[in-house]
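Peer 1: my_file.pdb is the file, holding PDB, C-alpha atoms:
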```pdb
ATOM      1  CA  MET A  17      27.455 -78.623 -53.782
ATOM      2  CA  LYS A  18      31.165 -78.371 -53.095
ATOM      3  CA  ARG A  19      31.500 -75.597 -55.686
ATOM      4  CA  TRP A  20      28.727 -73.586 -53.968
ATOM      5  CA  MET A  21      30.502 -73.969 -50.616
ATOM      6  CA  LEU A  22      33.609 -72.394 -52.144
ATOM      7  CA  LEU A  23      31.768 -69.524 -53.868
ATOM      8  CA  ALA A  24      29.476 -68.531 -50.981
ATOM      9  CA  PRO A  25      32.224 -66.942 -48.812
ATOM     10  CA  LEU A  26      33.619 -65.114 -51.859
ATOM     11  CA  VAL A  27      30.206 -63.691 -52.788
ATOM     12  CA  LEU A  28      29.572 -62.701 -49.164
ATOM     13  CA  PHE A  29      32.976 -61.011 -48.908
ATOM     14  CA  LEU A  30      32.484 -59.080 -52.164
ATOM     15  CA  GLY A  31      29.036 -57.930 -51.043
ATOM     16  CA  MET A  32      30.344 -56.692 -47.696
ATOM     17  CA  ALA A  33      33.326 -55.004 -49.367
ATOM     18  CA  GLY A  34      30.952 -53.204 -51.746
ATOM     19  CA  LEU A  35      28.803 -51.921 -48.871
ATOM     20  CA  LEU A  36      31.841 -50.729 -46.932
ATOM     21  CA  TYR A  37      33.290 -49.031 -50.030
ATOM     22  CA  ARG A  38      29.986 -47.207 -50.595
ATOM     23  CA  GLY A  39      30.001 -46.047 -46.971
ATOM     24  CA  LEU A  40      33.323 -44.276 -47.497
ATOM     25  CA  TYR A  41      31.648 -41.757 -49.792
ATOM     26  CA  LEU A  42      28.545 -40.960 -47.719
ATOM     27  CA  ASP A  43      28.619 -37.505 -46.136
ATOM     28  CA  PRO A  44      27.356 -37.622 -42.518
ATOM     29  CA  SER A  45      26.589 -33.890 -42.630
ATOM     30  CA  GLU A  46      23.845 -34.587 -45.179
ATOM     31  CA  LEU A  47      21.674 -36.575 -42.799
ATOM     32  CA  PRO A  48      17.975 -35.904 -43.404
ATOM     33  CA  SER A  49      16.092 -34.202 -40.586
ATOM     34  CA  ALA A  50      12.384 -33.913 -39.911
ATOM     35  CA  LEU A  51      13.047 -30.595 -38.121
ATOM     36  CA  ILE A  52      14.231 -28.615 -41.168
ATOM     37  CA  GLY A  53      11.705 -25.898 -41.993
ATOM     38  CA  LYS A  54       9.874 -26.243 -38.660
ATOM     39  CA  PRO A  55       9.538 -23.348 -36.168
ATOM     40  CA  PHE A  56      12.026 -23.236 -33.324
ATOM     41  CA  PRO A  57      10.443 -24.797 -30.191
ATOM     42  CA  GLU A  58       9.920 -22.973 -26.910
ATOM     43  CA  PHE A  59      12.734 -23.529 -24.406
ATOM     44  CA  SER A  60      14.343 -22.113 -21.287
ATOM     45  CA  LEU A  61      18.034 -22.617 -20.541
ATOM     46  CA  PRO A  62      19.715 -21.999 -17.177
ATOM     47  CA  ALA A  63      21.582 -18.710 -16.772
ATOM     48  CA  VAL A  64      25.250 -18.652 -17.662
ATOM     49  CA  GLN A  65      26.290 -15.060 -16.940
ATOM     50  CA  ASP A  66      23.673 -12.598 -15.690
ATOM     51  CA  GLY A  67      21.323 -14.861 -13.711
ATOM     52  CA  LYS A  68      18.494 -14.533 -16.257
ATOM     53  CA  PRO A  69      17.565 -17.754 -18.101
ATOM     54  CA  LEU A  70      17.767 -17.735 -21.901
ATOM     55  CA  THR A  71      14.455 -18.294 -23.710
ATOM     56  CA  ARG A  72      13.262 -18.375 -27.299
ATOM     57  CA  ALA A  73      11.903 -14.822 -26.927
ATOM     58  CA  ASP A  74      15.447 -13.564 -26.203
ATOM     59  CA  LEU A  75      16.574 -14.798 -29.625
ATOM     60  CA  LEU A  76      13.640 -13.601 -31.754
ATOM     61  CA  GLY A  77      14.575 -10.942 -34.328
ATOM     62  CA  LYS A  78      18.316 -11.517 -33.935
ATOM     63  CA  PRO A  79      20.602 -13.929 -35.755
ATOM     64  CA  ALA A  80      21.708 -16.661 -33.373
ATOM     65  CA  LEU A  81      23.744 -19.817 -33.719
ATOM     66  CA  VAL A  82      22.298 -22.629 -31.620
ATOM     67  CA  ASN A  83      24.524 -25.689 -31.473
ATOM     68  CA  VAL A  84      22.562 -28.749 -30.346
ATOM     69  CA  TRP A  85      24.349 -32.094 -30.231
ATOM     70  CA  GLY A  86      24.529 -35.382 -28.402
ATOM     71  CA  THR A  87      27.555 -37.422 -27.359
ATOM     72  CA  TRP A  88      25.951 -40.446 -29.045
ATOM     73  CA  CYS A  89      25.528 -38.619 -32.399
ATOM     74  CA  VAL A  90      28.103 -39.748 -34.989
ATOM     75  CA  ALA A  91      27.443 -36.779 -37.290
ATOM     76  CA  CYS A  92      27.867 -34.319 -34.377
ATOM     77  CA  ARG A  93      31.460 -35.306 -33.587
TER      78      ARG A  93
END
```
Written as structure tokens, that's how I'd like the structure from this file.
Peer 2:
Amino acid sequence: MKRWMLLAPLVLFLGMAGLLYRGLYLDPSELPSALIGKPFPEFSLPAVQDGKPLTRADLLGKPALVNVWGTWCVACR
């Protein structure tokens, strides 16, 4: 019993160290998303320059970069 009490913290520490070491090599930009391959949803954003709101129809047929992020999102930082 005494031997088990000495080995338990060592085994726990090695397990945690292994998980943390593995986490160093995970790429947060490769997070899976259920939205990949889905059509872009309808939206309307408030006007920034000309007083006309931006909608999905304004972007159809033109290349556009839409940056969507959240302050809580680790991969978005």
Peer 1: Can you translate the PyMOL selection byres ((chain A and resi 90) around 12) into the concrete residues it hits in this file, as an NGL selection string?
Peer 2: :A and (43-45 or 47 or 85-89 or 91-93)
Peer 1: What separation in Å, quoted to one decimal, exists between CA of Pro62 in chain A and CA of Gly77 in chain A?
Peer 2: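 Between CA of Pro62 in chain A and CA of Gly77 in chain A the gap works out to 21.0 Å.
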Peer 1: One decimal, Å: what's the distance from CA of Gln65 in chain A over to CA of Leu51 in chain A, could you say?
Peer 2: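 Distance reported for this atom pair: 29.4 Å.
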Peer 1: For the interface of range 29-58 of chain A with range 68-71 of chain A (cut-off 12 Å, counting all atoms listed in the file), please tabulate each contacting residue of range 29-58 of chain A alongside its nearest pair of atoms and their separation in Å to one decimal, rows sorted by chain and increasing number, as a tab-separated table.
Peer 2:
```
residue	atom	partner	partner_atom	distance
A:Phe56	CA	A:Thr71	CA	11.1
A:Pro57	CA	A:Thr71	CA	10.0
A:Glu58	CA	A:Thr71	CA	7.3
```
Peer 1: Hey, can you check how far CA of Ser60 in chain A sits from CA of Pro48 in chain A?
Peer 2: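 Result for CA of Ser60 in chain A versus CA of Pro48 in chain A: 26.3 Å, one decimal.
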Peer 1: To test the calculation: enclose all listed atoms of range 66-80 of chain A in a box whose edges run along x, y and z, add 5 Å on each side, then state centre and edge lengths in Å to one decimal, as JSON.
Peer 2:
```
{"center_x": 17.8, "center_y": -14.7, "center_z": -24.7, "size_x": 21.8, "size_y": 17.4, "size_z": 32.0}
```
